[in-house]
Amino acid sequence: MEVEGLGWLLVPLHQLVSWVAAGAMVFGGVVPYIPQYRDIRRTQNADGFSTHVCLVLLVANILRILFWFGRHFESPLLWQSIVMILTMLLMLKLCTEVRVANELNVKRRSFSGGVFCLFSLFSTDSKDEELKAPPRRPYLDFDTHHFWHWSSFADYVQCVLAFTGVAGYVTYLSIDSALFVETLGFLAVLTEAMLGVPQLYRNYRHRSTEGMSLKMVLMWTSGDTFKTVYFLLNGAPLQFSVCGLLQVMVDLAILGQAYAFAHHPQKPVPHAVHPVSAKAL
């Protein structure tokens with residue numbers, strides 16, 4: 001009887017919890033990047049953050065949105081992808097501005113390429129003047145040393161739009177194929193599951209986690225744990241649960257690196273002002 005009498009309270013309470021959980025899913029994914037964003041703005045140094053993390057999340061969330069057209073899933077997960085794409089573009093913009101400001105005497109690299117400036121073609125002045133207007137690399141420059149390491153935020157936007165256009169066209173042509181749709185879903189979540197791998201590799205390469213926000217990784221871990229439980233409880237497609245479990249394992253591996261390198265420090269990594277060090281992830 002008491003339970004029935006409290007029914008009027010339990011129903012709206014359940015709705016409130018559902019709304020809070022949905023809001024956490026939509027915006028919770030971007031929270032870990034707030035301390036990293038603030039650290040980069042404060043120190044004007046983006047060396048500790050791998051922009052390949054942005055690449056992974058952009059690809060994963062674009063594919064997830066395309067997957068939604070073939071197999072509808074919960075709206076909070078769709079909005080989460082949209083919010084994450086906007087966040088990653090903001091992170092890329094900041095990192096590009098900071099890196100270009102810090103890299104001295106480094107040739108500018110681009111995705112779309114362009115035409116040499118006239119004065120750089122005919123000028124015979126000093127090297128310093130040449131470096132002020134370096135030649136832009138050609139369109140679709142997929143050299144592994146320079147891809148996703150361009151000097152203009154606009155080039156990243158062009159690359160994202162090109163990928164979205166191609167992937168969207170292929171999806172439009174194959175949307176009626178259940179095999180294609182399910183494969184697209186697995187590609188989306190497996191790509192997202194690799195989110196922490198660029199950071200994991202960068203830490204391993206430098207034998208250090210200097211510049212990496214530990215708060216960001218702790219928030220990754222807590223957020224990935226939360227959303228994995230959310231996927232399981234709400235019966236999300238299997239792809240989402242697999243993604244969540246893989247992400248938790250990668251997050252724990254990065255935390256293990258932070259612990260190991262703190263107790264066994266290596267030689268300090270030189271500041272990225274030399275053209276060679278600028279190629280680091």
# chains A, B, ... in the order shown; residues from 1 in each chain; ligands from 1
>>> residues_around(residues="range 236-242 of chain A", least_positions_apart="2", cutoff="12 Å", atoms="only C-alpha atoms", output="ChimeraX atom specification")
/A:60,64,67-68,71-77,181-194,224-234,244-249
>>> residues_around(residues="Thr51 in chain A", least_positions_apart="4", cutoff="8 Å", atoms="only C-alpha atoms", output="ChimeraX atom specification")
/A:55,92,95,148,281
>>> write_last_selection(atoms="N, CA and C atoms", output="mmCIF file, in the first residue's frame")
data_model
loop_
_atom_site.group_PDB
_atom_site.id
_atom_site.type_symbol
_atom_site.label_atom_id
_atom_site.label_comp_id
_atom_site.auth_asym_id
_atom_site.auth_seq_id
_atom_site.Cartn_x
_atom_site.Cartn_y
_atom_site.Cartn_z
ATOM 1 N N LEU A 55 41.324 13.571 -34.141
ATOM 2 C CA LEU A 55 41.065 12.852 -35.388
ATOM 3 C C LEU A 55 40.222 11.609 -35.138
ATOM 4 N N LEU A 92 41.052 21.453 -31.770
ATOM 5 C CA LEU A 92 41.975 21.552 -32.904
ATOM 6 C C LEU A 92 42.349 22.999 -33.194
ATOM 7 N N CYS A 95 44.830 24.135 -30.473
ATOM 8 C CA CYS A 95 46.133 23.482 -30.607
ATOM 9 C C CYS A 95 46.893 23.992 -31.832
ATOM 10 N N TRP A 148 47.545 15.531 -40.877
ATOM 11 C CA TRP A 148 46.952 15.949 -39.597
ATOM 12 C C TRP A 148 47.957 16.744 -38.746
ATOM 13 N N LEU A 281 53.605 13.366 -32.227
ATOM 14 C CA LEU A 281 52.142 13.277 -32.244
ATOM 15 C C LEU A 281 51.533 14.336 -31.367
#
>>> atom_distance(atom1="CA of Ile85 in chain A", atom2="CA of Thr171 in chain A")
19.0 Å
>>> closest_residue(among="A:Tyr169, A:Met91, A:Cys159, A:Val217", to="Arg38 in chain A", atoms="only C-alpha atoms")
A:Met91
>>> closest_residue(among="A:Gly223, A:Thr96, A:Met212, A:Asp155", to="Ala24 in chain A", atoms="only C-alpha atoms")
A:Gly223
>>> decode(residues="range 156-205 of chain A", atoms="N, CA and C atoms", output="PDB file, in the first residue's frame")
ATOM      1  N   TYR A 156      42.048  21.583 -41.519  1.00  0.00           N
ATOM      2  CA  TYR A 156      41.406  20.499 -40.768  1.00  0.00           C
ATOM      3  C   TYR A 156      39.911  20.446 -41.088  1.00  0.00           C
ATOM      4  N   VAL A 157      39.292  21.618 -41.168  1.00  0.00           N
ATOM      5  CA  VAL A 157      37.858  21.681 -41.483  1.00  0.00           C
ATOM      6  C   VAL A 157      37.602  21.109 -42.871  1.00  0.00           C
ATOM      7  N   GLN A 158      38.459  21.455 -43.835  1.00  0.00           N
ATOM      8  CA  GLN A 158      38.303  20.929 -45.180  1.00  0.00           C
ATOM      9  C   GLN A 158      38.426  19.412 -45.204  1.00  0.00           C
ATOM     10  N   CYS A 159      39.374  18.896 -44.441  1.00  0.00           N
ATOM     11  CA  CYS A 159      39.573  17.444 -44.378  1.00  0.00           C
ATOM     12  C   CYS A 159      38.353  16.757 -43.781  1.00  0.00           C
ATOM     13  N   VAL A 160      37.819  17.313 -42.704  1.00  0.00           N
ATOM     14  CA  VAL A 160      36.634  16.744 -42.052  1.00  0.00           C
ATOM     15  C   VAL A 160      35.438  16.772 -42.992  1.00  0.00           C
ATOM     16  N   LEU A 161      35.256  17.887 -43.699  1.00  0.00           N
ATOM     17  CA  LEU A 161      34.138  17.992 -44.638  1.00  0.00           C
ATOM     18  C   LEU A 161      34.294  17.005 -45.798  1.00  0.00           C
ATOM     19  N   ALA A 162      35.520  16.833 -46.280  1.00  0.00           N
ATOM     20  CA  ALA A 162      35.757  15.890 -47.377  1.00  0.00           C
ATOM     21  C   ALA A 162      35.435  14.466 -46.933  1.00  0.00           C
ATOM     22  N   PHE A 163      35.891  14.099 -45.729  1.00  0.00           N
ATOM     23  CA  PHE A 163      35.611  12.762 -45.215  1.00  0.00           C
ATOM     24  C   PHE A 163      34.114  12.555 -45.016  1.00  0.00           C
ATOM     25  N   THR A 164      33.443  13.570 -44.463  1.00  0.00           N
ATOM     26  CA  THR A 164      32.002  13.470 -44.225  1.00  0.00           C
ATOM     27  C   THR A 164      31.249  13.301 -45.539  1.00  0.00           C
ATOM     28  N   GLY A 165      31.661  14.053 -46.555  1.00  0.00           N
ATOM     29  CA  GLY A 165      30.993  13.965 -47.849  1.00  0.00           C
ATOM     30  C   GLY A 165      31.142  12.590 -48.484  1.00  0.00           C
ATOM     31  N   VAL A 166      32.355  12.044 -48.468  1.00  0.00           N
ATOM     32  CA  VAL A 166      32.599  10.730 -49.072  1.00  0.00           C
ATOM     33  C   VAL A 166      31.865   9.639 -48.292  1.00  0.00           C
ATOM     34  N   ALA A 167      32.019   9.660 -46.959  1.00  0.00           N
ATOM     35  CA  ALA A 167      31.367   8.645 -46.130  1.00  0.00           C
ATOM     36  C   ALA A 167      29.850   8.744 -46.232  1.00  0.00           C
ATOM     37  N   GLY A 168      29.325   9.967 -46.282  1.00  0.00           N
ATOM     38  CA  GLY A 168      27.884  10.152 -46.403  1.00  0.00           C
ATOM     39  C   GLY A 168      27.354   9.639 -47.726  1.00  0.00           C
ATOM     40  N   TYR A 169      28.099   9.848 -48.791  1.00  0.00           N
ATOM     41  CA  TYR A 169      27.661   9.387 -50.118  1.00  0.00           C
ATOM     42  C   TYR A 169      27.644   7.859 -50.174  1.00  0.00           C
ATOM     43  N   VAL A 170      28.689   7.240 -49.631  1.00  0.00           N
ATOM     44  CA  VAL A 170      28.742   5.771 -49.610  1.00  0.00           C
ATOM     45  C   VAL A 170      27.603   5.209 -48.768  1.00  0.00           C
ATOM     46  N   THR A 171      27.323   5.854 -47.634  1.00  0.00           N
ATOM     47  CA  THR A 171      26.234   5.412 -46.775  1.00  0.00           C
ATOM     48  C   THR A 171      24.896   5.548 -47.476  1.00  0.00           C
ATOM     49  N   TYR A 172      24.700   6.639 -48.194  1.00  0.00           N
ATOM     50  CA  TYR A 172      23.452   6.864 -48.935  1.00  0.00           C
ATOM     51  C   TYR A 172      23.212   5.754 -49.962  1.00  0.00           C
ATOM     52  N   LEU A 173      24.282   5.324 -50.618  1.00  0.00           N
ATOM     53  CA  LEU A 173      24.152   4.286 -51.638  1.00  0.00           C
ATOM     54  C   LEU A 173      23.907   2.903 -51.031  1.00  0.00           C
ATOM     55  N   SER A 174      24.389   2.691 -49.799  1.00  0.00           N
ATOM     56  CA  SER A 174      24.339   1.351 -49.201  1.00  0.00           C
ATOM     57  C   SER A 174      23.425   1.254 -47.994  1.00  0.00           C
ATOM     58  N   ILE A 175      22.567   2.266 -47.788  1.00  0.00           N
ATOM     59  CA  ILE A 175      21.764   2.329 -46.574  1.00  0.00           C
ATOM     60  C   ILE A 175      20.789   1.165 -46.443  1.00  0.00           C
ATOM     61  N   ASP A 176      20.418   0.537 -47.553  1.00  0.00           N
ATOM     62  CA  ASP A 176      19.461  -0.571 -47.508  1.00  0.00           C
ATOM     63  C   ASP A 176      20.111  -1.909 -47.167  1.00  0.00           C
ATOM     64  N   SER A 177      21.425  -1.935 -47.084  1.00  0.00           N
ATOM     65  CA  SER A 177      22.136  -3.172 -46.770  1.00  0.00           C
ATOM     66  C   SER A 177      22.337  -3.286 -45.263  1.00  0.00           C
ATOM     67  N   ALA A 178      21.713  -4.305 -44.657  1.00  0.00           N
ATOM     68  CA  ALA A 178      21.846  -4.500 -43.204  1.00  0.00           C
ATOM     69  C   ALA A 178      23.297  -4.789 -42.834  1.00  0.00           C
ATOM     70  N   LEU A 179      24.003  -5.538 -43.698  1.00  0.00           N
ATOM     71  CA  LEU A 179      25.407  -5.860 -43.429  1.00  0.00           C
ATOM     72  C   LEU A 179      26.249  -4.593 -43.401  1.00  0.00           C
ATOM     73  N   PHE A 180      26.013  -3.694 -44.358  1.00  0.00           N
ATOM     74  CA  PHE A 180      26.771  -2.441 -44.394  1.00  0.00           C
ATOM     75  C   PHE A 180      26.493  -1.603 -43.153  1.00  0.00           C
ATOM     76  N   VAL A 181      25.219  -1.493 -42.770  1.00  0.00           N
ATOM     77  CA  VAL A 181      24.854  -0.665 -41.616  1.00  0.00           C
ATOM     78  C   VAL A 181      25.501  -1.188 -40.341  1.00  0.00           C
ATOM     79  N   GLU A 182      25.456  -2.508 -40.129  1.00  0.00           N
ATOM     80  CA  GLU A 182      26.057  -3.084 -38.928  1.00  0.00           C
ATOM     81  C   GLU A 182      27.577  -2.918 -38.948  1.00  0.00           C
ATOM     82  N   THR A 183      28.170  -3.080 -40.123  1.00  0.00           N
ATOM     83  CA  THR A 183      29.619  -2.887 -40.242  1.00  0.00           C
ATOM     84  C   THR A 183      29.990  -1.440 -39.953  1.00  0.00           C
ATOM     85  N   LEU A 184      29.165  -0.511 -40.453  1.00  0.00           N
ATOM     86  CA  LEU A 184      29.393   0.909 -40.189  1.00  0.00           C
ATOM     87  C   LEU A 184      29.342   1.190 -38.697  1.00  0.00           C
ATOM     88  N   GLY A 185      28.388   0.564 -38.006  1.00  0.00           N
ATOM     89  CA  GLY A 185      28.285   0.747 -36.563  1.00  0.00           C
ATOM     90  C   GLY A 185      29.516   0.249 -35.837  1.00  0.00           C
ATOM     91  N   PHE A 186      30.006  -0.930 -36.250  1.00  0.00           N
ATOM     92  CA  PHE A 186      31.210  -1.470 -35.609  1.00  0.00           C
ATOM     93  C   PHE A 186      32.426  -0.603 -35.902  1.00  0.00           C
ATOM     94  N   LEU A 187      32.530  -0.080 -37.126  1.00  0.00           N
ATOM     95  CA  LEU A 187      33.643   0.806 -37.454  1.00  0.00           C
ATOM     96  C   LEU A 187      33.609   2.061 -36.588  1.00  0.00           C
ATOM     97  N   ALA A 188      32.404   2.591 -36.386  1.00  0.00           N
ATOM     98  CA  ALA A 188      32.259   3.809 -35.586  1.00  0.00           C
ATOM     99  C   ALA A 188      32.725   3.585 -34.152  1.00  0.00           C
ATOM    100  N   VAL A 189      32.235   2.513 -33.533  1.00  0.00           N
ATOM    101  CA  VAL A 189      32.551   2.312 -32.122  1.00  0.00           C
ATOM    102  C   VAL A 189      33.972   1.802 -31.917  1.00  0.00           C
ATOM    103  N   LEU A 190      34.486   1.014 -32.865  1.00  0.00           N
ATOM    104  CA  LEU A 190      35.860   0.547 -32.733  1.00  0.00           C
ATOM    105  C   LEU A 190      36.839   1.707 -32.913  1.00  0.00           C
ATOM    106  N   THR A 191      36.495   2.636 -33.791  1.00  0.00           N
ATOM    107  CA  THR A 191      37.333   3.833 -33.941  1.00  0.00           C
ATOM    108  C   THR A 191      37.327   4.642 -32.654  1.00  0.00           C
ATOM    109  N   GLU A 192      36.138   4.797 -32.076  1.00  0.00           N
ATOM    110  CA  GLU A 192      36.045   5.539 -30.809  1.00  0.00           C
ATOM    111  C   GLU A 192      36.771   4.803 -29.694  1.00  0.00           C
ATOM    112  N   ALA A 193      36.743   3.475 -29.737  1.00  0.00           N
ATOM    113  CA  ALA A 193      37.426   2.693 -28.709  1.00  0.00           C
ATOM    114  C   ALA A 193      38.932   2.924 -28.742  1.00  0.00           C
ATOM    115  N   MET A 194      39.445   3.341 -29.909  1.00  0.00           N
ATOM    116  CA  MET A 194      40.873   3.626 -30.057  1.00  0.00           C
ATOM    117  C   MET A 194      41.227   5.041 -29.637  1.00  0.00           C
ATOM    118  N   LEU A 195      40.270   5.736 -29.008  1.00  0.00           N
ATOM    119  CA  LEU A 195      40.442   7.137 -28.624  1.00  0.00           C
ATOM    120  C   LEU A 195      41.756   7.394 -27.898  1.00  0.00           C
ATOM    121  N   GLY A 196      42.040   6.592 -26.898  1.00  0.00           N
ATOM    122  CA  GLY A 196      43.216   6.856 -26.082  1.00  0.00           C
ATOM    123  C   GLY A 196      44.513   6.329 -26.655  1.00  0.00           C
ATOM    124  N   VAL A 197      44.457   5.584 -27.754  1.00  0.00           N
ATOM    125  CA  VAL A 197      45.655   4.964 -28.313  1.00  0.00           C
ATOM    126  C   VAL A 197      46.692   5.998 -28.758  1.00  0.00           C
ATOM    127  N   PRO A 198      46.306   7.097 -29.459  1.00  0.00           N
ATOM    128  CA  PRO A 198      47.326   8.102 -29.798  1.00  0.00           C
ATOM    129  C   PRO A 198      48.042   8.653 -28.574  1.00  0.00           C
ATOM    130  N   GLN A 199      47.280   8.906 -27.492  1.00  0.00           N
ATOM    131  CA  GLN A 199      47.905   9.408 -26.271  1.00  0.00           C
ATOM    132  C   GLN A 199      48.775   8.323 -25.640  1.00  0.00           C
ATOM    133  N   LEU A 200      48.306   7.089 -25.682  1.00  0.00           N
ATOM    134  CA  LEU A 200      49.070   5.955 -25.156  1.00  0.00           C
ATOM    135  C   LEU A 200      50.392   5.821 -25.904  1.00  0.00           C
ATOM    136  N   TYR A 201      50.337   5.935 -27.228  1.00  0.00           N
ATOM    137  CA  TYR A 201      51.543   5.807 -28.056  1.00  0.00           C
ATOM    138  C   TYR A 201      52.488   6.975 -27.828  1.00  0.00           C
ATOM    139  N   ARG A 202      51.920   8.182 -27.721  1.00  0.00           N
ATOM    140  CA  ARG A 202      52.765   9.349 -27.494  1.00  0.00           C
ATOM    141  C   ARG A 202      53.507   9.229 -26.172  1.00  0.00           C
ATOM    142  N   ASN A 203      52.806   8.808 -25.136  1.00  0.00           N
ATOM    143  CA  ASN A 203      53.452   8.625 -23.830  1.00  0.00           C
ATOM    144  C   ASN A 203      54.569   7.593 -23.908  1.00  0.00           C
ATOM    145  N   TYR A 204      54.306   6.490 -24.616  1.00  0.00           N
ATOM    146  CA  TYR A 204      55.307   5.432 -24.765  1.00  0.00           C
ATOM    147  C   TYR A 204      56.510   5.934 -25.558  1.00  0.00           C
ATOM    148  N   ARG A 205      56.237   6.710 -26.592  1.00  0.00           N
ATOM    149  CA  ARG A 205      57.305   7.214 -27.459  1.00  0.00           C
ATOM    150  C   ARG A 205      58.239   8.146 -26.710  1.00  0.00           C
TER     151      ARG A 205
END
